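Next up, final.txt (compact mmCIF, C-alpha atoms and all ligand atoms):
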```txt
# COMPACT_ATOMS: atom_id res chain seq x y z
CA MET D 436 129.21 87.28 84.72
CA ALA D 437 127.91 85.39 87.70
CA SER D 438 130.32 83.21 89.61
CA GLY D 439 129.66 79.55 90.50
CA ASP D 440 127.91 76.98 88.30
CA SER D 441 127.28 78.83 85.01
CA THR D 442 124.33 76.59 84.09
CA LYS D 443 122.41 77.92 87.10
CA ARG D 444 120.84 81.34 87.45
CA ARG D 445 122.19 83.34 90.33
CA LEU D 446 119.70 85.43 92.21
CA THR D 447 119.07 87.38 95.38
CA ILE D 448 115.80 87.97 97.17
CA LEU D 449 115.49 91.16 99.21
CA GLY D 450 112.57 90.54 101.58
CA SER D 451 112.49 86.73 101.21
CA THR D 452 110.45 86.20 104.40
CA GLY D 453 107.48 88.32 103.29
CA SER D 454 104.44 87.51 101.18
CA ILE D 455 106.18 88.23 97.85
CA GLY D 456 109.40 86.67 99.13
CA THR D 457 107.79 83.35 100.09
CA ASN D 458 105.83 83.27 96.83
CA THR D 459 109.12 83.82 94.98
CA LEU D 460 110.68 80.89 96.81
CA ASP D 461 107.65 78.79 95.93
CA VAL D 462 108.10 79.64 92.23
CA ILE D 463 111.83 78.85 92.47
CA ASP D 464 111.05 75.48 94.06
CA ARG D 465 108.56 74.66 91.34
CA LEU D 466 111.01 75.63 88.61
CA GLY D 467 113.72 73.30 89.88
CA GLY D 468 115.00 74.80 93.14
CA ARG D 469 118.71 74.31 93.79
CA ASP D 470 119.15 72.34 90.55
CA ARG D 471 118.41 75.44 88.50
CA PHE D 472 119.07 78.38 90.80
CA GLU D 473 121.98 79.56 92.89
CA VAL D 474 121.05 81.91 95.71
CA ALA D 475 123.57 84.65 96.41
CA ALA D 476 121.67 86.30 99.26
CA LEU D 477 118.37 86.32 101.16
CA THR D 478 117.22 89.12 103.43
CA GLY D 479 114.51 89.48 106.05
CA ASN D 480 113.85 91.54 109.14
CA GLY D 481 112.17 90.02 112.20
CA ASN D 482 111.35 86.48 111.10
CA ILE D 483 114.69 84.82 111.87
CA PRO D 484 113.47 81.18 111.97
CA LEU D 485 111.98 81.47 108.47
CA LEU D 486 115.01 83.32 107.07
CA ALA D 487 117.37 80.67 108.45
CA GLU D 488 115.21 77.83 107.14
CA GLN D 489 115.06 79.41 103.66
CA ALA D 490 118.82 80.03 103.59
CA ARG D 491 119.61 76.44 104.56
CA ARG D 492 117.08 74.96 102.16
CA LEU D 493 118.32 76.96 99.17
CA GLY D 494 122.00 76.94 100.17
CA ALA D 495 122.23 80.75 100.16
CA GLU D 496 125.72 82.22 100.43
CA LEU D 497 124.60 85.11 102.63
CA ALA D 498 121.61 85.73 104.93
CA VAL D 499 120.86 89.21 106.25
CA THR D 500 118.48 90.55 108.84
CA ALA D 501 117.73 94.26 108.58
CA ASP D 502 117.51 94.40 112.37
CA ASP D 503 120.98 94.88 113.94
CA ASN D 504 119.65 93.52 117.24
CA LEU D 505 118.87 90.15 115.65
CA TYR D 506 122.34 89.50 114.23
CA GLN D 507 123.28 87.00 116.97
CA ASP D 508 119.95 85.19 116.66
CA LEU D 509 120.50 84.71 112.93
CA LYS D 510 124.11 83.68 113.46
CA SER D 511 123.02 81.04 115.99
CA ALA D 512 120.24 79.80 113.74
CA LEU D 513 122.74 79.30 110.90
CA ALA D 514 125.60 77.91 113.00
CA GLY D 515 127.48 75.15 111.20
CA SER D 516 125.81 75.87 107.84
CA GLY D 517 128.71 77.80 106.29
CA ILE D 518 126.24 80.55 105.35
CA ALA D 519 127.61 84.05 105.91
CA VAL D 520 125.51 86.33 108.12
CA ALA D 521 125.14 90.11 108.20
CA ALA D 522 122.72 92.67 109.64
CA GLY D 523 121.46 96.23 109.38
CA ARG D 524 121.62 98.68 106.52
CA SER D 525 125.17 97.74 105.58
CA GLY D 526 124.13 94.08 105.52
CA LEU D 527 121.25 94.85 103.15
CA THR D 528 123.63 96.73 100.85
CA GLU D 529 126.09 93.84 100.99
CA ALA D 530 123.30 91.48 99.91
CA ALA D 531 122.20 93.79 97.09
CA GLU D 532 125.74 94.28 95.82
CA ARG D 533 126.63 90.60 95.84
CA ASP D 534 127.08 89.28 92.33
CA ALA D 535 123.67 88.02 91.12
CA GLY D 536 122.05 88.66 87.75
CA TRP D 537 118.46 88.82 89.05
CA VAL D 538 117.26 90.52 92.20
CA MET D 539 113.75 90.36 93.63
CA ALA D 540 113.01 93.70 95.35
CA ALA D 541 110.39 92.67 97.91
CA ILE D 542 111.25 94.61 101.06
CA VAL D 543 108.19 96.49 102.24
CA GLY D 544 108.12 100.29 102.14
CA ASN D 545 110.80 102.90 101.74
CA ALA D 546 113.30 100.62 103.54
CA GLY D 547 113.59 98.82 100.21
CA LEU D 548 114.81 101.83 98.28
CA ALA D 549 118.52 101.93 99.19
CA PRO D 550 119.26 98.21 98.71
CA THR D 551 117.25 98.02 95.48
CA LEU D 552 119.10 101.03 94.18
CA ALA D 553 122.43 99.36 95.02
CA ALA D 554 121.40 96.30 92.99
CA ALA D 555 120.22 98.50 90.10
CA ARG D 556 123.45 100.47 90.03
CA ARG D 557 125.57 97.36 89.59
CA GLY D 558 123.42 96.28 86.63
CA ALA D 559 121.23 93.48 88.03
CA ASP D 560 117.84 92.80 86.47
CA ILE D 561 115.37 94.12 89.05
CA ALA D 562 112.13 92.23 89.60
CA LEU D 563 110.31 95.13 91.22
CA ALA D 564 107.62 94.40 93.79
CA ASN D 565 108.64 97.35 95.99
CA LYS D 566 106.63 100.12 94.35
CA GLU D 567 108.00 102.68 96.82
CA CYS D 568 111.26 102.81 94.79
CA LEU D 569 109.40 104.45 91.91
CA VAL D 570 106.95 106.42 94.03
CA SER D 571 109.69 108.10 96.06
CA ALA D 572 112.62 108.28 93.68
CA GLY D 573 110.80 108.27 90.30
CA SER D 574 113.07 109.11 87.40
CA LEU D 575 116.21 108.96 89.58
CA PHE D 576 115.49 105.28 90.13
CA VAL D 577 114.67 104.65 86.46
CA ASP D 578 117.91 106.39 85.45
CA ALA D 579 119.92 104.29 87.92
CA VAL D 580 118.53 101.11 86.34
CA LYS D 581 119.31 102.41 82.84
CA MET D 582 122.84 103.43 83.76
CA GLY D 583 123.46 100.11 85.48
CA GLY D 584 122.33 98.33 82.30
CA GLY D 585 119.89 95.87 83.91
CA ARG D 586 116.21 95.44 83.14
CA LEU D 587 113.27 96.62 85.21
CA LEU D 588 110.71 93.81 85.42
CA PRO D 589 107.49 94.88 87.18
CA VAL D 590 106.03 92.37 89.64
CA ASP D 591 103.08 94.39 90.92
CA SER D 592 100.27 92.44 89.20
CA GLU D 593 98.79 95.51 87.48
CA HIS D 594 102.12 96.68 86.11
CA ASN D 595 103.15 93.18 85.21
CA ALA D 596 99.90 92.92 83.23
CA ILE D 597 100.63 96.15 81.36
CA PHE D 598 104.24 95.07 80.80
CA GLN D 599 103.01 91.81 79.27
CA VAL D 600 100.63 93.65 76.95
CA LEU D 601 103.25 96.18 75.89
CA GLU D 602 105.74 93.39 75.14
CA ASN D 603 103.33 92.20 72.48
CA ASP D 604 101.99 95.41 71.06
CA GLN D 605 102.98 98.85 69.92
CA ARG D 606 104.14 101.12 72.71
CA HIS D 607 104.04 104.24 70.53
CA ALA D 608 100.28 103.90 69.99
CA VAL D 609 99.39 103.72 73.68
CA GLU D 610 96.70 106.24 74.56
CA ARG D 611 96.06 105.27 78.18
CA ILE D 612 96.46 102.53 80.71
CA ILE D 613 93.65 101.39 82.95
CA LEU D 614 94.71 100.06 86.35
CA THR D 615 92.13 97.79 87.90
CA ALA D 616 91.41 97.97 91.63
CA SER D 617 89.43 95.44 93.64
CA GLY D 618 88.02 98.23 95.80
CA GLY D 619 89.21 96.37 98.91
CA PRO D 620 87.11 95.33 101.91
CA PHE D 621 85.40 98.75 102.24
CA ARG D 622 84.27 99.15 98.64
CA THR D 623 80.63 99.40 99.65
CA LYS D 624 81.07 100.94 103.12
CA SER D 625 79.89 104.48 103.86
CA LEU D 626 82.28 107.20 105.05
CA ASP D 627 80.71 106.93 108.47
CA GLU D 628 81.32 103.19 108.66
CA MET D 629 84.90 103.63 107.43
CA ARG D 630 85.63 106.12 110.19
CA HIS D 631 85.53 103.34 112.81
CA VAL D 632 87.23 100.40 111.08
CA THR D 633 90.26 98.73 112.69
CA ALA D 634 93.48 97.32 111.24
CA ALA D 635 92.10 93.80 111.71
CA THR D 636 89.16 94.46 109.37
CA ALA D 637 91.18 96.64 106.98
CA ARG D 638 93.75 93.92 106.37
CA ALA D 639 91.17 91.38 105.17
CA HIS D 640 91.54 91.74 101.41
CA PRO D 641 88.69 90.13 99.46
CA ASN D 642 90.84 88.60 96.67
CA TRP D 643 94.59 88.77 97.26
CA SER D 644 96.67 87.29 100.06
CA MET D 645 99.37 89.90 100.80
CA GLY D 646 101.48 91.45 103.57
CA LEU D 647 99.84 93.53 106.31
CA LYS D 648 100.77 97.00 105.04
CA ILE D 649 99.86 96.54 101.38
CA SER D 650 96.57 94.93 102.45
CA ILE D 651 95.63 97.99 104.52
CA ASP D 652 96.86 100.25 101.70
CA SER D 653 94.46 98.38 99.42
CA ALA D 654 91.59 99.10 101.81
CA SER D 655 92.36 102.85 101.78
CA MET D 656 93.26 102.72 98.06
CA PHE D 657 96.65 104.22 98.90
CA ASN D 658 98.00 101.10 97.23
CA LYS D 659 96.31 102.16 93.99
CA ALA D 660 97.60 105.70 94.51
CA LEU D 661 101.16 104.39 94.75
CA GLU D 662 100.55 102.24 91.69
CA MET D 663 99.43 105.24 89.64
CA ILE D 664 102.74 106.98 90.39
CA GLU D 665 104.63 103.73 89.83
CA ALA D 666 102.98 103.33 86.41
CA ARG D 667 103.84 106.87 85.40
CA HIS D 668 107.55 106.20 85.87
CA LEU D 669 107.60 102.61 84.67
CA PHE D 670 105.86 103.30 81.39
CA GLY D 671 106.77 106.97 80.82
CA LEU D 672 103.16 108.24 80.82
CA ASN D 673 101.52 111.58 81.54
CA PRO D 674 99.22 111.69 84.59
CA GLU D 675 96.11 112.03 82.39
CA GLN D 676 96.97 108.75 80.60
CA ILE D 677 96.57 106.79 83.84
CA GLU D 678 93.03 105.70 84.73
CA VAL D 679 91.71 103.58 87.59
CA ILE D 680 88.62 101.40 87.43
CA VAL D 681 87.19 99.36 90.27
CA HIS D 682 86.82 95.73 89.23
CA PRO D 683 85.84 93.69 92.31
CA GLN D 684 86.69 90.24 90.89
CA SER D 685 90.40 91.11 90.26
CA VAL D 686 90.39 88.88 87.17
CA ILE D 687 91.50 91.58 84.73
CA HIS D 688 94.81 92.68 86.16
CA SER D 689 95.01 95.83 84.05
CA MET D 690 94.48 97.11 80.50
CA VAL D 691 96.12 99.19 77.81
CA GLY D 692 94.05 101.42 75.51
CA TYR D 693 95.40 102.22 72.03
CA SER D 694 94.94 105.06 69.58
CA ASP D 695 92.66 102.95 67.35
CA GLY D 696 90.20 102.34 70.18
CA SER D 697 91.42 98.80 70.99
CA VAL D 698 91.86 97.80 74.60
CA LEU D 699 94.16 94.85 75.44
CA ALA D 700 94.13 93.20 78.84
CA GLN D 701 95.94 90.52 80.82
CA LEU D 702 93.69 88.19 82.83
CA GLY D 703 94.28 85.47 85.39
CA CYS D 704 93.29 84.17 88.80
CA PRO D 705 94.57 86.47 91.56
CA ASP D 706 97.89 84.75 92.36
CA MET D 707 101.15 86.71 92.58
CA ARG D 708 103.14 83.68 91.43
CA THR D 709 102.12 84.34 87.82
CA ALA D 710 103.69 87.82 87.84
CA ILE D 711 106.73 86.57 89.78
CA GLY D 712 107.19 83.65 87.37
CA TYR D 713 106.96 86.01 84.40
CA ALA D 714 109.64 88.27 85.87
CA LEU D 715 111.83 85.27 86.69
CA SER D 716 111.53 83.60 83.29
CA TYR D 717 111.37 86.77 81.17
CA PRO D 718 111.34 86.89 78.20
CA SER D 719 110.01 83.30 78.20
CA ARG D 720 107.01 81.90 80.04
CA CYS D 721 107.31 79.17 82.62
CA ASP D 722 105.01 76.35 83.75
CA LEU D 723 103.22 77.15 86.98
CA PRO D 724 100.49 75.15 88.71
CA VAL D 725 98.39 78.20 89.57
CA GLU D 726 94.62 77.95 89.31
CA ARG D 727 93.37 78.41 85.73
CA LEU D 728 90.58 80.81 84.86
CA ASP D 729 87.37 78.96 84.16
CA PHE D 730 85.28 81.31 82.04
CA ALA D 731 82.20 79.13 82.26
CA LYS D 732 82.22 79.48 86.05
CA LEU D 733 83.08 83.15 85.93
CA SER D 734 79.56 84.43 85.70
CA ARG D 735 80.32 88.17 85.56
CA LEU D 736 82.94 90.87 85.48
CA ASP D 737 81.89 94.11 87.17
CA PHE D 738 83.31 97.60 86.82
CA GLU D 739 82.60 100.86 88.63
CA ALA D 740 84.19 104.29 88.80
CA PRO D 741 86.30 104.85 91.93
CA ASP D 742 84.82 107.14 94.56
CA GLU D 743 87.43 109.81 95.33
CA ILE D 744 85.37 111.21 98.21
CA ARG D 745 85.57 107.99 100.19
CA PHE D 746 89.03 107.18 98.80
CA PRO D 747 90.89 110.51 98.56
CA ALA D 748 94.23 108.71 98.10
CA LEU D 749 93.58 108.62 94.34
CA ARG D 750 93.17 112.39 94.19
CA LEU D 751 96.36 112.82 96.21
CA ALA D 752 98.28 110.59 93.80
CA ARG D 753 97.13 112.69 90.86
CA ARG D 754 98.19 115.80 92.71
CA ALA D 755 101.65 114.30 93.44
CA MET D 756 102.07 113.34 89.79
CA GLU D 757 101.02 116.76 88.54
CA SER D 758 103.26 118.63 90.98
CA GLY D 759 106.20 116.32 90.23
CA GLY D 760 109.39 117.05 92.16
CA VAL D 761 109.61 115.15 95.45
CA GLN D 762 105.87 115.01 96.03
CA GLY D 763 105.87 111.22 95.53
CA ALA D 764 108.43 110.86 98.33
CA VAL D 765 106.41 113.24 100.50
CA LEU D 766 103.16 111.35 99.87
CA ASN D 767 104.80 108.01 100.62
CA GLY D 768 106.74 109.15 103.71
CA ALA D 769 103.62 110.69 105.24
CA LYS D 770 101.51 107.69 104.26
CA GLU D 771 103.92 105.16 105.83
CA THR D 772 103.92 107.15 109.08
CA ALA D 773 100.13 107.45 109.14
CA LEU D 774 99.75 103.77 108.29
CA GLU D 775 102.06 102.76 111.16
CA ALA D 776 99.93 104.92 113.49
CA PHE D 777 96.71 103.34 112.19
CA ILE D 778 98.10 99.83 112.73
CA LYS D 779 99.00 100.77 116.31
CA GLY D 780 95.56 102.28 116.91
CA ARG D 781 96.95 105.82 117.20
CA ALA D 782 95.21 107.23 114.11
CA GLY D 783 91.85 106.53 112.52
CA PHE D 784 91.40 104.98 109.08
CA LEU D 785 90.19 108.20 107.41
CA ALA D 786 92.82 110.25 109.25
CA MET D 787 95.52 108.62 107.11
CA ALA D 788 94.55 110.56 103.98
CA GLU D 789 93.93 113.74 105.98
CA ILE D 790 97.45 113.56 107.42
CA VAL D 791 99.01 112.91 104.00
CA GLU D 792 97.14 115.85 102.47
CA LYS D 793 98.23 118.22 105.25
CA VAL D 794 101.85 117.16 104.86
CA MET D 795 101.65 117.58 101.07
CA ASP D 796 100.19 121.07 101.58
CA ALA D 797 102.99 122.03 103.97
CA LEU D 798 105.78 120.63 101.79
CA ALA D 799 104.36 121.71 98.43
CA ASP D 800 107.30 124.01 97.69
CA LEU D 801 110.13 121.54 98.23
CA PRO D 802 112.42 121.69 95.18
CA ALA D 803 112.76 118.73 92.81
CA ALA D 804 115.31 116.10 93.77
CA ALA D 805 118.69 116.35 92.07
CA THR D 806 120.12 113.40 93.99
CA MET D 807 118.94 110.48 96.08
CA ASP D 808 119.91 112.43 99.20
CA ASP D 809 117.20 114.97 98.30
CA VAL D 810 114.69 112.12 98.07
CA PHE D 811 115.68 110.72 101.47
CA ALA D 812 115.55 114.24 102.98
CA ALA D 813 112.02 114.85 101.62
CA ASP D 814 110.90 111.46 102.92
CA GLU D 815 112.33 112.26 106.36
CA LYS D 816 110.68 115.70 106.48
CA ALA D 817 107.33 114.19 105.55
CA ARG D 818 107.66 111.52 108.25
CA GLN D 819 108.52 114.09 110.93
CA MET D 820 105.66 116.34 109.94
CA ALA D 821 103.17 113.44 109.84
CA ALA D 822 104.39 112.23 113.26
CA GLY D 823 103.86 115.75 114.61
CA LEU D 824 100.26 115.74 113.35
CA ILE D 825 99.59 112.36 114.94
CA ARG D 826 100.94 113.40 118.36
P1 LIG R 1 105.54 91.71 103.77
O1 LIG R 1 105.26 92.60 104.91
O2 LIG R 1 104.83 90.42 103.68
O3 LIG R 1 107.12 91.38 103.70
C1 LIG R 1 108.06 92.41 103.75
C2 LIG R 1 109.48 91.89 103.71
O4 LIG R 1 110.35 92.98 104.06
C3 LIG R 1 109.77 90.81 104.74
O5 LIG R 1 110.82 90.00 104.27
C4 LIG R 1 110.21 91.61 105.97
O6 LIG R 1 110.99 90.85 106.88
C5 LIG R 1 111.04 92.67 105.29
N1 LIG R 1 111.15 93.91 106.07
C6 LIG R 1 110.24 94.47 106.90
N2 LIG R 1 110.70 95.62 107.40
C7 LIG R 1 111.94 95.78 106.90
C8 LIG R 1 112.96 96.79 107.06
N3 LIG R 1 112.78 97.85 107.85
N4 LIG R 1 114.12 96.65 106.38
C9 LIG R 1 114.33 95.57 105.58
N5 LIG R 1 113.42 94.58 105.40
C10 LIG R 1 112.23 94.70 106.04
O7 LIG R 1 105.32 92.57 102.45
P2 LIG R 1 104.82 92.09 101.02
O8 LIG R 1 105.59 90.90 100.57
O9 LIG R 1 103.36 92.04 100.99
O10 LIG R 1 105.23 93.35 100.13
C11 LIG R 1 106.59 93.61 99.78
C12 LIG R 1 106.61 94.72 98.74
O11 LIG R 1 105.97 94.24 97.56
C13 LIG R 1 105.84 95.98 99.17
O12 LIG R 1 106.49 97.10 98.65
C14 LIG R 1 104.48 95.81 98.50
O13 LIG R 1 103.85 97.03 98.23
C15 LIG R 1 104.88 95.09 97.22
N6 LIG R 1 103.83 94.26 96.64
C16 LIG R 1 103.31 93.22 97.35
C17 LIG R 1 102.31 92.42 96.81
C18 LIG R 1 101.79 91.23 97.53
O14 LIG R 1 101.03 90.46 96.96
N7 LIG R 1 102.15 91.01 98.77
C19 LIG R 1 101.75 92.71 95.48
C20 LIG R 1 102.41 93.80 94.81
C21 LIG R 1 103.40 94.54 95.37
P3 LIG R 1 110.33 89.98 108.11
O15 LIG R 1 109.09 89.34 107.55
O16 LIG R 1 111.41 88.98 108.40
O17 LIG R 1 110.06 90.92 109.22
```

Rewrite the structure of this file - the entire thing - as structure tokens.
Ligand code: NDP
Amino acid sequence: MASGDSTKRRLTILGSTGSIGTNTLDVIDRLGGRDRFEVAALTGNGNIPLLAEQARRLGAELAVTADDNLYQDLKSALAGSGIAVAAGRSGLTEAAERDAGWVMAAIVGNAGLAPTLAAARRGADIALANKECLVSAGSLFVDAVKMGGGRLLPVDSEHNAIFQVLENDQRHAVERIILTASGGPFRTKSLDEMRHVTAATARAHPNWSMGLKISIDSASMFNKALEMIEARHLFGLNPEQIEVIVHPQSVIHSMVGYSDGSVLAQLGCPDMRTAIGYALSYPSRCDLPVERLDFAKLSRLDFEAPDEIRFPALRLARRAMESGGVQGAVLNGAKETALEAFIKGRAGFLAMAEIVEKVMDALADLPAAATMDDVFAADEKARQMAAGLIR
């Protein structure tokens, strides 16, 4: 049981300085802040001023920067506060292992896997924003959560929507799930136009305000590709039960189709605080001052089939799901490397999918992962190979 004041909920936020992290803090503030919550640990990477401000404001016990080089900066920023400070991989693990019943997993990318796994293994409820945990480690991650005894609470808006529907209806009769996708900023652009786009235009998501990498992943639809794999593991589905539909307004967050032909959906204004609040208050609902849907003003809801020629990421996700094994880790490792290169102007927008496909071709015969070390090894191989292609 958590230590400290037993009337308060103890929690940790991995990635508190990011888009999901700051939204989580906003929800915590609105639900009572320090009167209702006790913060065991907060982690960030480069944004030391924000991390220190958050830790002081919420009275965190421990603040961690993932960057070893910034340890002294964080220590100075928290001098006199009594807040413990740590850095690097071991610091992230220390934060994840600290006694807290609820952990928000909001570190971006594969860097979030090890600390989230540490929290899962000790039995914390995991509010999962970091989809890479399921994309790379799949059933190994799900098994770790089960063995730890905590709950897996999806925060990705699409998966949170499906989770909400499934809480209220019969899981055994699920025929398919339909993930909605906004289509991103290049939904109507031609292949030729997409060839020349920059990170600055790719990051401008039409509906959601998110971190840099997920915004660009939304533009390439790699975000949706990761979400397909995430959904497969979260909900125990076969690849053919997972559909994607482009829905530019992002009002329907996703849908579940049943064996009697019914389709149930969760709707709302695009605001991550609804999904975060649901995961924080689960199984209850909380009061949040997010914008309400006004159906009278909402003149139309549009839908279109995704174009897998312009957005090959979706095809690659299906291929990774069908091959199984470590192909999710390979896809993600190669994608993160290609994305980094695109952000730095060293690879074109369309080259990202080409690089991922080549790496998947080359590593198609890697055996399935028996342990997490196999997952990390596959991820590393994919990164090296992708880096070689970019050079
Ligand atoms: P951001 O880039 O906004 O934030 C990422 C967080 O991770 C920050 O706290 C950052 O620290 C920290 N971080 C960065 N690099 C490292 C590293 N190497 N090791 C440890 N920590 C690191 O990302 P988002 O909040 O947008 O996304 C977080 C996760 O949630 C991603 O997996 C994303 O796919 C998922 N997600 C996000 C959604 C959104 O609306 N943003 C929606 C659904 C899912 P610092 O800022 O201090 O450098």

Of D:Met629, D:Ile677, D:Met707, D:Ala549, the one nearest to ligand LIG 1 (chain R) when counting all atoms listed in the file is D:Met707

Hey, which residues come within 6 Å of ligand LIG 1 (chain R) if we count all atoms listed in the file? Could you give them as an mmCIF file with C-alpha atoms, in the frame of the given file?
```cif
data_model
loop_
_atom_site.group_PDB
_atom_site.id
_atom_site.type_symbol
_atom_site.label_atom_id
_atom_site.label_comp_id
_atom_site.auth_asym_id
_atom_site.auth_seq_id
_atom_site.Cartn_x
_atom_site.Cartn_y
_atom_site.Cartn_z
ATOM 1 C CA GLY D 450 112.570 90.540 101.580
ATOM 2 C CA SER D 451 112.490 86.730 101.210
ATOM 3 C CA THR D 452 110.450 86.200 104.400
ATOM 4 C CA GLY D 453 107.480 88.320 103.290
ATOM 5 C CA SER D 454 104.440 87.510 101.180
ATOM 6 C CA ILE D 455 106.180 88.230 97.850
ATOM 7 C CA GLY D 456 109.400 86.670 99.130
ATOM 8 C CA GLY D 479 114.510 89.480 106.050
ATOM 9 C CA ASN D 480 113.850 91.540 109.140
ATOM 10 C CA GLY D 481 112.170 90.020 112.200
ATOM 11 C CA ASN D 482 111.350 86.480 111.100
ATOM 12 C CA ALA D 501 117.730 94.260 108.580
ATOM 13 C CA ALA D 541 110.390 92.670 97.910
ATOM 14 C CA ILE D 542 111.250 94.610 101.060
ATOM 15 C CA VAL D 543 108.190 96.490 102.240
ATOM 16 C CA GLY D 544 108.120 100.290 102.140
ATOM 17 C CA ALA D 546 113.300 100.620 103.540
ATOM 18 C CA ALA D 564 107.620 94.400 93.790
ATOM 19 C CA ASN D 565 108.640 97.350 95.990
ATOM 20 C CA LYS D 566 106.630 100.120 94.350
ATOM 21 C CA ASP D 591 103.080 94.390 90.920
ATOM 22 C CA MET D 645 99.370 89.900 100.800
ATOM 23 C CA GLY D 646 101.480 91.450 103.570
ATOM 24 C CA LEU D 647 99.840 93.530 106.310
ATOM 25 C CA ILE D 649 99.860 96.540 101.380
ATOM 26 C CA MET D 707 101.150 86.710 92.580
#
```

Shortest contact to Ala634 (chain D), candidates D:Pro620, D:Gly768, D:Pro747, D:Gly467, atoms counted only C-alpha atoms, goes to D:Pro620

Can you report as JSON the centre and edge lengths in Å, to one decimal, of an axis-aligned box around the listed atoms of region 748-767 of chain D padded with 6 Å on each side?
```
{"center_x": 101.4, "center_y": 113.3, "center_z": 94.6, "size_x": 28.4, "size_y": 22.6, "size_z": 24.1}
```

The distance between CA of Ala804 (chain D) and CA of Arg524 (chain D) is 22.5 Å

*Return the single residue from D:Ser644, D:Thr615, D:Ser697, D:Ser516 that is closest to Asn458 (chain D), with distances computed using only C-alpha atoms.*
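Under the stated criterion, the closest residue is D:Ser644.
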
Residues near Cys568 (chain D), anyone? I mean within 8 Å using all atoms listed in the file, not counting same-chain ones fewer than 5 positions away, as a PyMOL selection string.
chain D and resi 545+547-548+551+573+576

Q: Can you work out which one of D:Ser758, D:Asn767, D:Gln605, D:Asn673 has the shortest atom-to-atom distance to Leu569 (chain D), counting all atoms listed in the file?
A: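 So, comparing all the options, the nearest one is D:Asn767.
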
### Query
What's the 12 Å shell around Leu446 (chain D), counting all atoms listed in the file, without same-chain residues fewer than 3 positions away, as a PyMOL selection string?
chain D and resi 437-439+443+449+451+459-460+463+468-469+471-477+493-497+530-540+554+559-562+715

- Using all atoms listed in the file, which residue out of D:Asp796, D:Arg753, D:Leu486, D:Ala769 lies closest to Lys816 (chain D)?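 That would be D:Ala769, the residue with the smallest distance to Lys816 (chain D).
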
Have a look at CA of Ala521 (chain D) and CA of Ile483 (chain D) and let me know their distance in Å, one decimal.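 Distance between the two atoms: 12.3 Å.
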
Close residues, Gly759 (chain D) itself excluded, 12 Å, only C-alpha atoms, min 6 positions apart in chain, as a ChimeraX atom specification:
/D:570-574,664,667-668,673-674,752-753,765-766,795,799-804

Block slice region 747-774 of chain D, C-alpha atoms, emitted as a PDB file, in the first residue's frame:
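Ended up saving to out_0.pdb:
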```
ATOM      1  CA  PRO D 747       2.388   3.392 -46.709  1.00  0.00           C
ATOM      2  CA  ALA D 748       2.863   3.321 -42.920  1.00  0.00           C
ATOM      3  CA  LEU D 749      -0.541   1.632 -42.591  1.00  0.00           C
ATOM      4  CA  ARG D 750       0.487  -1.193 -44.912  1.00  0.00           C
ATOM      5  CA  LEU D 751       3.735  -1.604 -42.967  1.00  0.00           C
ATOM      6  CA  ALA D 752       1.826  -1.868 -39.689  1.00  0.00           C
ATOM      7  CA  ARG D 753      -0.354  -4.621 -41.120  1.00  0.00           C
ATOM      8  CA  ARG D 754       2.742  -6.406 -42.310  1.00  0.00           C
ATOM      9  CA  ALA D 755       4.362  -6.116 -38.844  1.00  0.00           C
ATOM     10  CA  MET D 756       1.214  -7.472 -37.200  1.00  0.00           C
ATOM     11  CA  GLU D 757       0.930 -10.378 -39.617  1.00  0.00           C
ATOM     12  CA  SER D 758       4.611 -11.331 -39.311  1.00  0.00           C
ATOM     13  CA  GLY D 759       4.490 -11.019 -35.508  1.00  0.00           C
ATOM     14  CA  GLY D 760       7.772 -11.708 -33.710  1.00  0.00           C
ATOM     15  CA  VAL D 761       9.892  -8.592 -33.227  1.00  0.00           C
ATOM     16  CA  GLN D 762       8.636  -6.815 -36.332  1.00  0.00           C
ATOM     17  CA  GLY D 763       6.877  -4.181 -34.198  1.00  0.00           C
ATOM     18  CA  ALA D 764      10.195  -3.351 -32.519  1.00  0.00           C
ATOM     19  CA  VAL D 765      11.915  -3.291 -35.913  1.00  0.00           C
ATOM     20  CA  LEU D 766       9.272  -1.000 -37.418  1.00  0.00           C
ATOM     21  CA  ASN D 767       9.428   1.369 -34.457  1.00  0.00           C
ATOM     22  CA  GLY D 768      13.239   1.427 -34.148  1.00  0.00           C
ATOM     23  CA  ALA D 769      13.642   2.195 -37.849  1.00  0.00           C
ATOM     24  CA  LYS D 770      10.827   4.735 -37.758  1.00  0.00           C
ATOM     25  CA  GLU D 771      12.295   6.637 -34.776  1.00  0.00           C
ATOM     26  CA  THR D 772      15.668   6.831 -36.536  1.00  0.00           C
ATOM     27  CA  ALA D 773      14.127   8.004 -39.810  1.00  0.00           C
ATOM     28  CA  LEU D 774      11.949  10.512 -37.967  1.00  0.00           C
TER      29      LEU D 774
END
```
